[in-house]
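Asks: target_27.txt is reproduced below (compact mmCIF, C-alpha atoms).
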```txt
# COMPACT_ATOMS: atom_id res chain seq x y z
CA MET A 176 22.33 -40.94 -17.31
CA LYS A 177 21.60 -41.71 -13.68
CA LYS A 178 24.13 -39.11 -12.52
CA SER A 179 22.59 -36.46 -14.78
CA LEU A 180 19.20 -37.22 -13.26
CA ILE A 181 20.62 -36.85 -9.74
CA ALA A 182 22.26 -33.54 -10.70
CA PHE A 183 18.95 -32.32 -12.14
CA LEU A 184 17.05 -33.39 -9.01
CA LEU A 185 19.62 -31.63 -6.81
CA LEU A 186 19.28 -28.49 -8.94
CA PHE A 187 15.49 -28.65 -8.51
CA ALA A 188 15.85 -29.28 -4.77
CA GLY A 189 18.21 -26.30 -4.56
CA ILE A 190 15.65 -24.08 -6.28
CA LEU A 191 12.99 -25.11 -3.78
CA ILE A 192 15.28 -24.62 -0.79
CA GLY A 193 16.40 -21.23 -2.14
CA GLY A 194 12.79 -20.14 -2.60
CA PHE A 195 11.81 -21.27 0.89
CA TRP A 196 14.87 -19.56 2.40
CA ALA A 197 14.02 -16.29 0.64
CA ASN A 198 10.45 -16.57 1.92
CA PHE A 199 11.73 -17.20 5.45
CA LYS A 200 14.01 -14.16 5.27
CA ILE A 201 11.11 -11.98 4.12
CA ASN A 202 8.92 -13.20 6.98
CA GLN A 203 11.69 -12.13 9.33
CA VAL A 204 11.34 -8.55 8.06
CA GLY A 205 8.16 -8.24 10.12
CA LYS A 206 9.79 -9.67 13.23
CA ASP A 207 13.35 -8.85 14.04
CA SER A 208 14.63 -6.86 11.13
CA ASP A 209 16.47 -3.55 11.03
CA LEU A 210 14.12 -2.57 8.20
CA ILE A 211 11.30 -1.84 10.63
CA LEU A 212 11.93 0.42 13.61
CA LYS A 213 9.66 1.16 16.55
CA ASN A 214 8.26 4.28 18.15
CA GLY A 215 6.21 2.95 21.08
CA VAL A 216 3.81 0.35 19.71
CA TRP A 217 4.14 1.78 16.21
CA GLY A 218 6.36 0.16 13.62
CA TYR A 219 7.67 2.20 10.71
CA PHE A 220 10.14 2.04 7.87
CA PRO A 221 12.99 4.54 8.25
CA THR A 222 12.80 4.94 4.47
CA MET A 223 10.56 3.55 1.74
CA ASP A 224 13.19 2.24 -0.62
CA LEU A 225 11.14 -0.05 -2.82
CA ALA A 226 13.21 0.62 -5.93
CA THR A 227 16.36 -1.00 -4.54
CA ASN A 228 15.42 -2.84 -1.35
CA GLU A 229 13.98 -6.14 -2.57
CA PHE A 230 13.04 -7.42 0.90
CA GLN A 231 11.12 -4.26 1.73
CA LYS A 232 9.42 -4.37 -1.66
CA ILE A 233 8.12 -7.90 -1.10
CA TYR A 234 7.19 -7.33 2.53
CA ILE A 235 5.18 -4.21 1.68
CA GLY A 236 3.69 -5.99 -1.32
CA ARG A 237 2.24 -8.52 1.09
CA ILE A 238 0.95 -6.20 3.80
CA GLY A 239 0.28 -3.01 1.83
CA LEU A 240 0.47 -3.53 -1.92
CA LEU A 241 0.52 -0.28 -3.92
CA ALA A 242 1.81 1.80 -1.02
CA LEU A 243 2.96 5.28 -1.96
CA GLN A 244 6.41 6.81 -1.76
CA ASP A 245 7.18 8.35 1.61
CA SER A 246 7.37 11.76 -0.05
CA GLU A 247 3.56 11.57 -0.09
CA VAL A 248 2.62 9.61 3.01
CA ILE A 249 4.18 8.09 6.12
CA TYR A 250 2.73 4.87 7.46
CA PHE A 251 2.89 3.68 11.08
CA VAL A 252 1.51 0.26 12.01
CA ALA A 253 0.56 -1.06 15.45
CA SER A 254 -0.09 -4.78 15.71
CA SER A 255 0.41 -5.14 19.46
CA ASP A 256 -0.60 -3.23 22.58
CA GLN A 257 1.63 -1.47 25.12
CA GLU A 258 2.34 -4.81 26.79
CA GLY A 259 3.49 -6.32 23.52
CA ASP A 260 0.47 -8.61 23.12
CA PRO A 261 -1.11 -9.08 19.68
CA LEU A 262 -4.37 -7.17 19.14
CA SER A 263 -7.35 -9.47 19.58
CA SER A 264 -11.11 -8.86 19.59
CA SER A 265 -11.28 -10.75 22.87
CA ASN A 266 -9.91 -7.56 24.45
CA ASP A 267 -10.89 -3.89 24.36
CA TYR A 268 -8.25 -1.25 23.65
CA LYS A 269 -8.02 2.47 24.16
CA LEU A 270 -5.95 4.41 21.64
CA THR A 271 -5.07 7.78 23.16
CA GLY A 272 -3.30 10.50 21.24
CA SER A 273 -3.25 13.98 19.80
CA GLY A 274 -3.38 15.42 16.29
CA PHE A 275 -0.59 15.42 13.74
CA ASP A 276 0.99 18.11 11.64
CA ALA A 277 -0.15 16.63 8.34
CA ARG A 278 -2.61 17.49 5.62
CA TYR A 279 -4.70 14.40 6.31
CA TRP A 280 -4.34 11.64 8.88
CA SER A 281 -6.40 8.60 9.77
CA PHE A 282 -6.49 5.40 11.82
CA THR A 283 -7.80 2.26 10.11
CA LEU A 284 -8.31 -1.12 11.75
CA TYR A 285 -7.49 -4.23 9.71
CA GLY A 286 -7.88 -7.94 10.34
CA GLU A 287 -5.18 -10.57 10.10
CA ASP A 288 -5.79 -10.77 6.34
CA HIS A 289 -5.05 -7.01 6.02
CA PHE A 290 -8.62 -6.28 4.92
CA LEU A 291 -11.30 -4.21 6.66
CA ILE A 292 -13.14 -5.98 9.48
CA PRO A 293 -16.86 -6.68 8.83
CA ASN A 294 -19.25 -4.89 11.20
CA ASP A 295 -22.90 -3.80 11.23
CA LYS A 296 -22.06 -0.10 11.36
CA SER A 297 -19.60 -0.23 8.46
CA VAL A 298 -17.11 1.75 10.53
CA PHE A 299 -13.53 0.96 9.63
CA SER A 300 -11.56 4.10 10.40
CA TYR A 301 -11.43 7.58 11.90
CA ASN A 302 -9.71 10.57 10.45
CA MET A 303 -8.87 14.11 11.48
CA GLU A 304 -12.33 15.29 10.37
CA ASN A 305 -14.70 12.68 11.79
CA ILE A 306 -12.94 11.75 15.03
CA VAL A 307 -14.59 13.18 18.18
CA TYR A 308 -12.03 15.25 20.07
CA LYS A 309 -11.88 15.55 23.83
CA ASP A 310 -10.98 19.23 23.82
CA SER A 311 -12.24 22.37 22.13
CA LEU A 312 -8.89 22.85 20.40
CA LYS A 313 -9.55 19.63 18.49
CA ASN A 314 -6.31 18.06 19.48
CA SER A 315 -6.64 15.12 21.89
CA TYR A 316 -8.80 12.07 21.30
CA GLU A 317 -9.50 8.54 22.42
CA LEU A 318 -10.48 5.69 20.14
CA ILE A 319 -11.94 2.48 21.50
CA ILE A 320 -11.27 -0.77 19.69
CA SER A 321 -13.86 -3.32 20.76
CA LYS A 322 -16.26 -5.92 19.43
CA ASP A 323 -19.00 -4.28 21.53
CA PRO A 324 -20.62 -0.97 20.52
CA LYS A 325 -19.37 2.21 22.20
CA LYS A 326 -20.91 5.67 22.29
CA GLU A 327 -18.29 7.41 20.13
CA ASN A 328 -14.94 6.88 18.43
CA TRP A 329 -15.66 3.16 18.26
CA LEU A 330 -13.56 1.01 15.94
CA PRO A 331 -15.44 -2.31 15.69
CA ALA A 332 -13.18 -5.33 16.10
CA GLY A 333 -15.71 -7.99 15.06
CA ASP A 334 -14.28 -11.43 15.69
CA ALA A 335 -10.83 -10.59 14.41
CA ASN A 336 -7.51 -11.67 15.85
CA ASN A 337 -4.01 -10.43 15.08
CA MET A 338 -5.48 -7.08 14.09
CA SER A 339 -3.43 -4.05 13.15
CA VAL A 340 -4.04 -0.31 13.26
CA LEU A 341 -2.60 1.68 10.38
CA LEU A 342 -1.86 5.35 10.93
CA ARG A 343 -1.55 7.28 7.68
CA LEU A 344 0.01 10.75 7.63
CA TYR A 345 -0.45 12.38 4.23
CA ASN A 346 1.86 15.29 3.42
CA PRO A 347 3.26 15.57 6.95
CA ALA A 348 5.45 18.45 8.07
CA GLU A 349 9.16 18.17 7.39
CA TYR A 350 10.03 17.63 11.05
CA VAL A 351 7.82 14.52 11.10
CA TYR A 352 10.04 12.93 8.45
CA LYS A 353 13.14 13.69 10.46
CA ASN A 354 11.72 12.57 13.80
CA LYS A 355 9.77 9.40 13.10
CA ASP A 356 11.53 7.76 16.03
CA VAL A 357 10.63 10.39 18.61
CA ILE A 358 7.44 12.18 17.53
CA GLU A 359 4.59 11.65 19.94
CA LEU A 360 2.40 8.80 18.72
CA PRO A 361 -0.73 7.44 20.43
CA THR A 362 -0.62 4.84 23.18
CA LEU A 363 -2.61 1.65 22.74
CA LYS A 364 -3.67 0.04 26.00
CA LYS A 365 -5.81 -2.92 26.93
CA ILE A 366 -8.70 -1.61 29.01
CA ASN A 367 -10.84 -4.59 29.92
CA PRO A 368 -10.34 -6.15 33.35
CA MET B 287 33.33 -40.43 -7.73
CA LYS B 288 34.78 -37.23 -6.29
CA THR B 289 34.04 -35.37 -9.54
CA HIS B 290 30.41 -36.41 -9.30
CA ARG B 291 30.12 -35.16 -5.75
CA ILE B 292 31.51 -31.79 -6.81
CA LEU B 293 29.04 -31.70 -9.72
CA PHE B 294 26.16 -32.57 -7.39
CA GLY B 295 27.28 -29.87 -4.95
CA ILE B 296 27.44 -27.29 -7.73
CA ALA B 297 23.95 -28.30 -8.92
CA LEU B 298 22.55 -27.87 -5.42
CA ILE B 299 24.24 -24.49 -4.84
CA LEU B 300 23.29 -23.27 -8.30
CA GLY B 301 19.68 -24.33 -7.70
CA PHE B 302 19.65 -22.56 -4.32
CA ALA B 303 20.94 -19.33 -5.88
CA MET B 304 18.36 -19.56 -8.69
CA GLY B 305 15.52 -20.22 -6.28
CA TYR B 306 16.57 -17.45 -3.88
CA LYS B 307 17.21 -14.82 -6.54
CA GLY B 308 14.18 -15.83 -8.59
CA PHE B 309 11.84 -15.59 -5.62
CA ILE B 310 13.16 -12.17 -4.58
CA LYS B 311 13.08 -10.80 -8.13
CA TYR B 312 9.76 -12.09 -9.41
CA TYR B 313 7.56 -12.37 -6.32
CA PRO B 314 6.53 -8.66 -6.46
CA ASN B 315 5.49 -9.17 -10.10
CA LEU B 316 3.31 -12.10 -9.02
CA LEU B 317 1.65 -9.91 -6.38
CA PHE B 318 1.04 -7.26 -9.03
CA LYS B 319 -0.40 -9.86 -11.43
CA GLY B 320 -2.67 -11.07 -8.63
CA ALA B 321 -3.93 -7.53 -8.11
CA GLU B 322 -4.54 -7.16 -11.85
CA ARG B 323 -6.55 -10.39 -11.89
CA LYS B 324 -8.63 -9.38 -8.87
CA ILE B 325 -9.33 -5.83 -10.05
CA GLY B 326 -10.24 -7.17 -13.48
CA GLY B 327 -11.05 -5.28 -16.64
CA SER B 328 -8.96 -5.10 -19.76
CA GLU B 329 -5.76 -3.12 -20.26
CA ASN B 330 -6.02 0.62 -20.85
CA THR B 331 -9.54 0.64 -19.45
CA ILE B 332 -10.44 2.96 -16.59
CA ARG B 333 -11.99 1.22 -13.58
CA LEU B 334 -13.99 3.38 -11.16
CA GLY B 335 -14.05 2.31 -7.54
CA ASN B 336 -16.63 2.90 -4.81
CA LEU B 337 -15.81 3.56 -1.18
CA PRO B 338 -14.00 0.46 0.14
CA ASP B 339 -15.68 -1.68 2.77
CA ASP B 340 -15.13 -5.13 4.27
CA LYS B 341 -16.16 -6.73 0.98
CA SER B 342 -13.36 -4.93 -0.87
CA GLN B 343 -10.89 -7.78 -1.16
CA MET B 344 -8.91 -6.76 -4.22
CA ILE B 345 -5.96 -4.92 -2.70
CA VAL B 346 -4.81 -5.31 0.90
CA LYS B 347 -5.22 -2.39 3.29
CA PRO B 348 -7.73 -0.29 1.35
CA ASN B 349 -8.32 3.17 2.79
CA PRO B 350 -12.07 3.57 3.53
CA ASP B 351 -11.70 7.36 3.20
CA PHE B 352 -10.64 7.13 -0.42
CA MET B 353 -12.48 6.47 -3.66
CA TYR B 354 -10.06 4.95 -6.13
CA VAL B 355 -9.75 4.92 -9.90
CA SER B 356 -7.39 2.40 -11.44
CA CYS B 357 -6.16 1.45 -14.86
CA PHE B 358 -3.62 -1.16 -15.89
CA PHE B 359 -1.88 0.45 -18.85
CA ASN B 360 0.01 -1.07 -21.76
CA LEU B 361 2.27 1.17 -23.86
CA GLU B 362 3.03 -1.50 -26.44
CA ASP B 363 1.24 0.50 -29.16
CA GLY B 364 2.58 3.89 -28.13
CA PRO B 365 2.09 6.67 -25.56
CA LEU B 366 -1.23 7.23 -23.80
CA ASN B 367 -2.88 10.48 -22.85
CA LEU B 368 -4.47 10.61 -19.38
CA SER B 369 -6.83 13.53 -18.86
CA ALA B 370 -9.41 14.58 -16.30
CA ASN B 371 -11.22 17.59 -14.92
CA ILE B 372 -10.75 17.42 -11.16
CA SER B 373 -12.45 20.29 -9.36
CA SER B 374 -12.23 19.01 -5.81
CA SER B 375 -10.96 20.89 -2.79
CA ASN B 376 -10.25 17.58 -1.07
CA TYR B 377 -6.92 15.80 -1.27
CA TRP B 378 -6.43 13.70 -4.37
CA SER B 379 -3.40 12.18 -6.02
CA VAL B 380 -2.38 10.23 -9.08
CA ALA B 381 0.29 7.54 -8.78
CA PHE B 382 2.03 5.29 -11.31
CA TYR B 383 3.39 1.84 -10.51
CA GLU B 384 5.73 -0.52 -12.32
CA PRO B 385 4.75 -4.21 -12.59
CA ASN B 386 7.21 -4.90 -9.75
CA THR B 387 4.93 -2.79 -7.48
CA VAL B 388 7.32 0.18 -7.29
CA ASN B 389 5.56 3.56 -7.17
CA PHE B 390 7.65 5.60 -9.59
CA TYR B 391 5.52 8.74 -9.77
CA VAL B 392 3.06 10.43 -7.45
CA LYS B 393 1.65 13.94 -7.50
CA ASN B 394 -1.20 15.43 -5.51
CA ASP B 395 -3.72 18.20 -6.11
CA GLU B 396 -1.56 20.89 -4.49
CA GLN B 397 1.29 20.06 -6.85
CA PHE B 398 -0.80 20.53 -9.99
CA GLU B 399 -1.32 24.06 -11.22
CA SER B 400 -4.69 23.41 -12.83
CA ASN B 401 -7.86 21.37 -12.28
CA LYS B 402 -7.39 20.01 -15.77
CA LEU B 403 -5.15 16.99 -15.55
CA ASN B 404 -3.26 16.32 -18.77
CA LEU B 405 -0.55 13.66 -18.66
CA LEU B 406 1.23 11.72 -21.37
CA ILE B 407 2.54 8.30 -20.38
CA ALA B 408 5.28 7.02 -22.65
CA HIS B 409 7.72 4.14 -22.54
CA GLU B 410 11.34 5.29 -22.25
CA GLY B 411 12.13 3.49 -25.48
CA ASN B 412 9.34 5.15 -27.41
CA LEU B 413 9.21 8.79 -26.34
CA PRO B 414 7.31 11.31 -28.48
CA SER B 415 9.47 13.80 -30.38
CA THR B 416 7.45 16.75 -29.10
CA VAL B 417 5.07 17.32 -26.23
CA ASP B 418 2.68 20.24 -25.93
CA GLU B 419 3.49 22.72 -23.20
CA ASP B 420 0.31 22.01 -21.25
CA ILE B 421 1.02 18.27 -21.10
CA GLU B 422 3.26 16.64 -18.51
CA LEU B 423 5.29 13.72 -19.83
CA ILE B 424 5.54 10.66 -17.57
CA LYS B 425 8.39 8.38 -18.62
CA SER B 426 7.85 4.73 -17.80
CA ARG B 427 10.71 2.24 -17.68
CA THR B 428 8.22 -0.55 -18.37
CA LYS B 429 5.60 -0.92 -21.07
CA LYS B 430 3.04 -2.15 -18.58
CA GLY B 431 2.03 -0.70 -15.26
CA LEU B 432 -0.76 0.75 -13.18
CA VAL B 433 -2.13 4.23 -12.69
CA LEU B 434 -4.06 4.76 -9.47
CA PHE B 435 -6.05 7.80 -8.40
CA ARG B 436 -6.91 8.39 -4.74
CA PHE B 437 -9.74 10.79 -3.94
CA LEU B 438 -10.34 11.74 -0.31
CA VAL B 439 -14.06 11.79 0.34
CA ASN B 440 -16.35 12.49 3.28
CA SER B 441 -18.21 9.19 3.26
CA SER B 442 -21.07 10.53 5.39
CA ASP B 443 -21.76 13.33 2.91
CA VAL B 444 -23.76 12.04 -0.06
CA ASP B 445 -23.11 15.21 -2.03
CA ASP B 446 -19.37 14.82 -1.58
CA VAL B 447 -19.50 11.18 -2.68
CA ASN B 448 -21.56 12.11 -5.75
CA LYS B 449 -19.17 14.92 -6.60
CA ILE B 450 -16.22 12.55 -6.55
CA LYS B 451 -18.19 10.08 -8.69
CA GLN B 452 -18.62 12.79 -11.32
CA ILE B 453 -14.91 13.56 -11.19
CA GLN B 454 -14.12 9.87 -11.57
CA LYS B 455 -16.19 9.80 -14.77
CA SER B 456 -14.18 12.67 -16.23
CA ILE B 457 -11.00 10.58 -16.30
CA GLU B 458 -10.04 9.44 -19.80
CA LEU B 459 -7.17 7.38 -21.14
CA LYS B 460 -6.63 7.32 -24.88
CA TRP B 461 -3.95 6.90 -27.55
CA ILE B 462 -2.43 10.15 -28.72
CA GLU B 463 -3.56 11.22 -32.18
```
Rewrite the coordinates I just gave you, this time as structure tokens.
Replies:
Amino acid sequence: MKKSLIAFLLLFAGILIGGFWANFKINQVGKDSDLILKNGVWGYFPTMDLATNEFQKIYIGRIGLLALQDSEVIYFVASSDQEGDPLSSSNDYKLTGSGFDARYWSFTLYGEDHFLIPNDKSVFSYNMENIVYKDSLKNSYELIISKDPKKENWLPAGDANNMSVLLRLYNPAEYVYKNKDVIELPTLKKINP
Amino acid sequence: MKTHRILFGIALILGFAMGYKGFIKYYPNLLFKGAERKIGGSENTIRLGNLPDDKSQMIVKPNPDFMYVSCFFNLEDGPLNLSANISSSNYWSVAFYEPNTVNFYVKNDEQFESNKLNLLIAHEGNLPSTVDEDIELIKSRTKKGLVLFRFLVNSSDVDDVNKIKQIQKSIELKWIE
């Protein structure tokens, strides 16, 4: 009887350890996994294989539940600046880039909890239509991420830490799919002294 | 004594495998259930969403450029007909998800030939014998799931927002007759 109890307790302990180990492995997906590749500061999935890749399915379920297939949209995420430091509202950042060959694209700033960051202006994102371009060809732009108001293209950072910028490219051109690793993506630099 | 140690070792390894596999397999379903609980509403009921803001805490990473329409469907009692009249020049799409969060179908406005959306969602084990020509059949591997519409909207244009609200109201989900 005592041995059966020990076996049962060991089985239960094994279940807990197995669960924790799986959770640990999934947390590693966001850190040093081959599942996420980098183009500059931007992380991306080479493929969205949620049907068969269980780790990717859970990881995306946590950070972007109900994401679409990559046939419809490509996601790029930046959670650190050019120096590799996490994005914090104690700094200002300048995101500098040019337009994309896609039907619709946007930049959205999220807090550590992956939700929109509260701010008085209710500004959470910029897209290809409402961003203020630097040139008449409507190609190049600069976005400022800051807790303090800016004249234009201001993404309010509130009091958030460990923020992330999500770039969505809906219906991008075919070459974008094939060149996720080399297409020109915006830089994201700290600009405060 | 040695036999017991082997038994204990097997129990521990078996438990580890169960815990590991169980977590990997069912965690997505728990996330989906959590979303269902937060979004609320009963099954097979259309839920119209406003433009997301910082108070939108139902699904992580909402897109503030989109107005959403969601419905958790249940095909237990047979196929469902999803219809709408979507006369918008903006991007919109309709996507279906399994309870394990996998997006198994997505189609956008440019891929539909008409403004009149007419879809039939049926479980693979209970497919209708015939489907009208003007209806697209969506085969679902699971009886339960989610349908999610995304409508791109110019949030600073009240007319555009109101137009999308009217389109949202045109969406219907009902049992086939």
Asks: Excluding same-chain residues fewer than 6 positions from Asn349 of chain B, what lies within 10 Å of it counting all atoms listed in the file, as a list in words?
Replies: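 Here the qualifying residues turn out to be Ser281, Phe282, Thr283, Leu284, Phe290, Leu291, Phe299, Ser300, Leu341 and Arg343 of chain A; Leu337, Pro338, Asp339, Arg436 and Leu438 of chain B.
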Asks: Using only C-alpha atoms and a cut-off of 6 Å, which residues of chain B sit close to chain A? Please list them as a ChimeraX atom specification.
Replies: /B:294,297-298,301-302,304-306,309,314,340,346-347,388
Asks: Could you write out that same residue set with C-alpha atoms as a short mmCIF file (atom, residue, chain, number, x, y, z; two decimals), in the coordinates of the input?
Replies:
```
data_model
loop_
_atom_site.label_atom_id
_atom_site.label_comp_id
_atom_site.auth_asym_id
_atom_site.auth_seq_id
_atom_site.Cartn_x
_atom_site.Cartn_y
_atom_site.Cartn_z
CA PHE B 294 26.16 -32.57 -7.39
CA ALA B 297 23.95 -28.30 -8.92
CA LEU B 298 22.55 -27.87 -5.42
CA GLY B 301 19.68 -24.33 -7.70
CA PHE B 302 19.65 -22.56 -4.32
CA MET B 304 18.36 -19.56 -8.69
CA GLY B 305 15.52 -20.22 -6.28
CA TYR B 306 16.57 -17.45 -3.88
CA PHE B 309 11.84 -15.59 -5.62
CA PRO B 314 6.53 -8.66 -6.46
CA ASP B 340 -15.13 -5.13 4.27
CA VAL B 346 -4.81 -5.31 0.90
CA LYS B 347 -5.22 -2.39 3.29
CA VAL B 388 7.32 0.18 -7.29
#
```
Asks: Excluding segment 369-384 of chain B and residues on its chain fewer than 5 positions from it, collect all residues at most 9 Å away from it, counting only C-alpha atoms, and give them as a PyMOL selection string.
Replies: (chain A and resi 241+243+278-279) or (chain B and resi 315+318+352+389-396+400-406+424+426-439+449-450+453-460)
Asks: Using all atoms of segment 318-334 of chain A listed in the file and a margin of 6 Å per side, can you give the axis-aligned box centre and edge lengths in Å to one decimal, as AutoDock Vina command-line options?
Replies:
```
--center_x -15.7 --center_y -2.0 --center_z 18.7 --size_x 22.4 --size_y 30.8 --size_z 19.2
```
Asks: Just give me the gap between atom CA of Leu363 of chain A and atom CA of Ser255 of chain A in Å, one decimal is fine.
Replies: 8.1 Å
Asks: So how many Å separate atom CA of Tyr350 of chain A and atom CA of Lys269 of chain A, to one decimal?
Replies: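 Atom-to-atom, atom CA of Tyr350 of chain A to atom CA of Lys269 of chain A, that is 27.0 Å.
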Asks: Determine, counting all atoms listed in the file, which protein, DNA and RNA residues have an atom within 12 Å of an atom of Tyr219 of chain A; residues of the same chain fewer than 3 positions away are not included. Present the result as an MDAnalysis selection string.
Replies: chainID A and resid 204:205 208:216 222:223 231 235 245 248:254 341:344 352 354:357 360
Asks: State, in Å with one decimal place, the distance from atom CA of Met353 of chain B to atom CA of Lys451 of chain B.
Replies: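 Taking atom CA of Met353 of chain B as the start and atom CA of Lys451 of chain B as the end point, the length is 8.4 Å.
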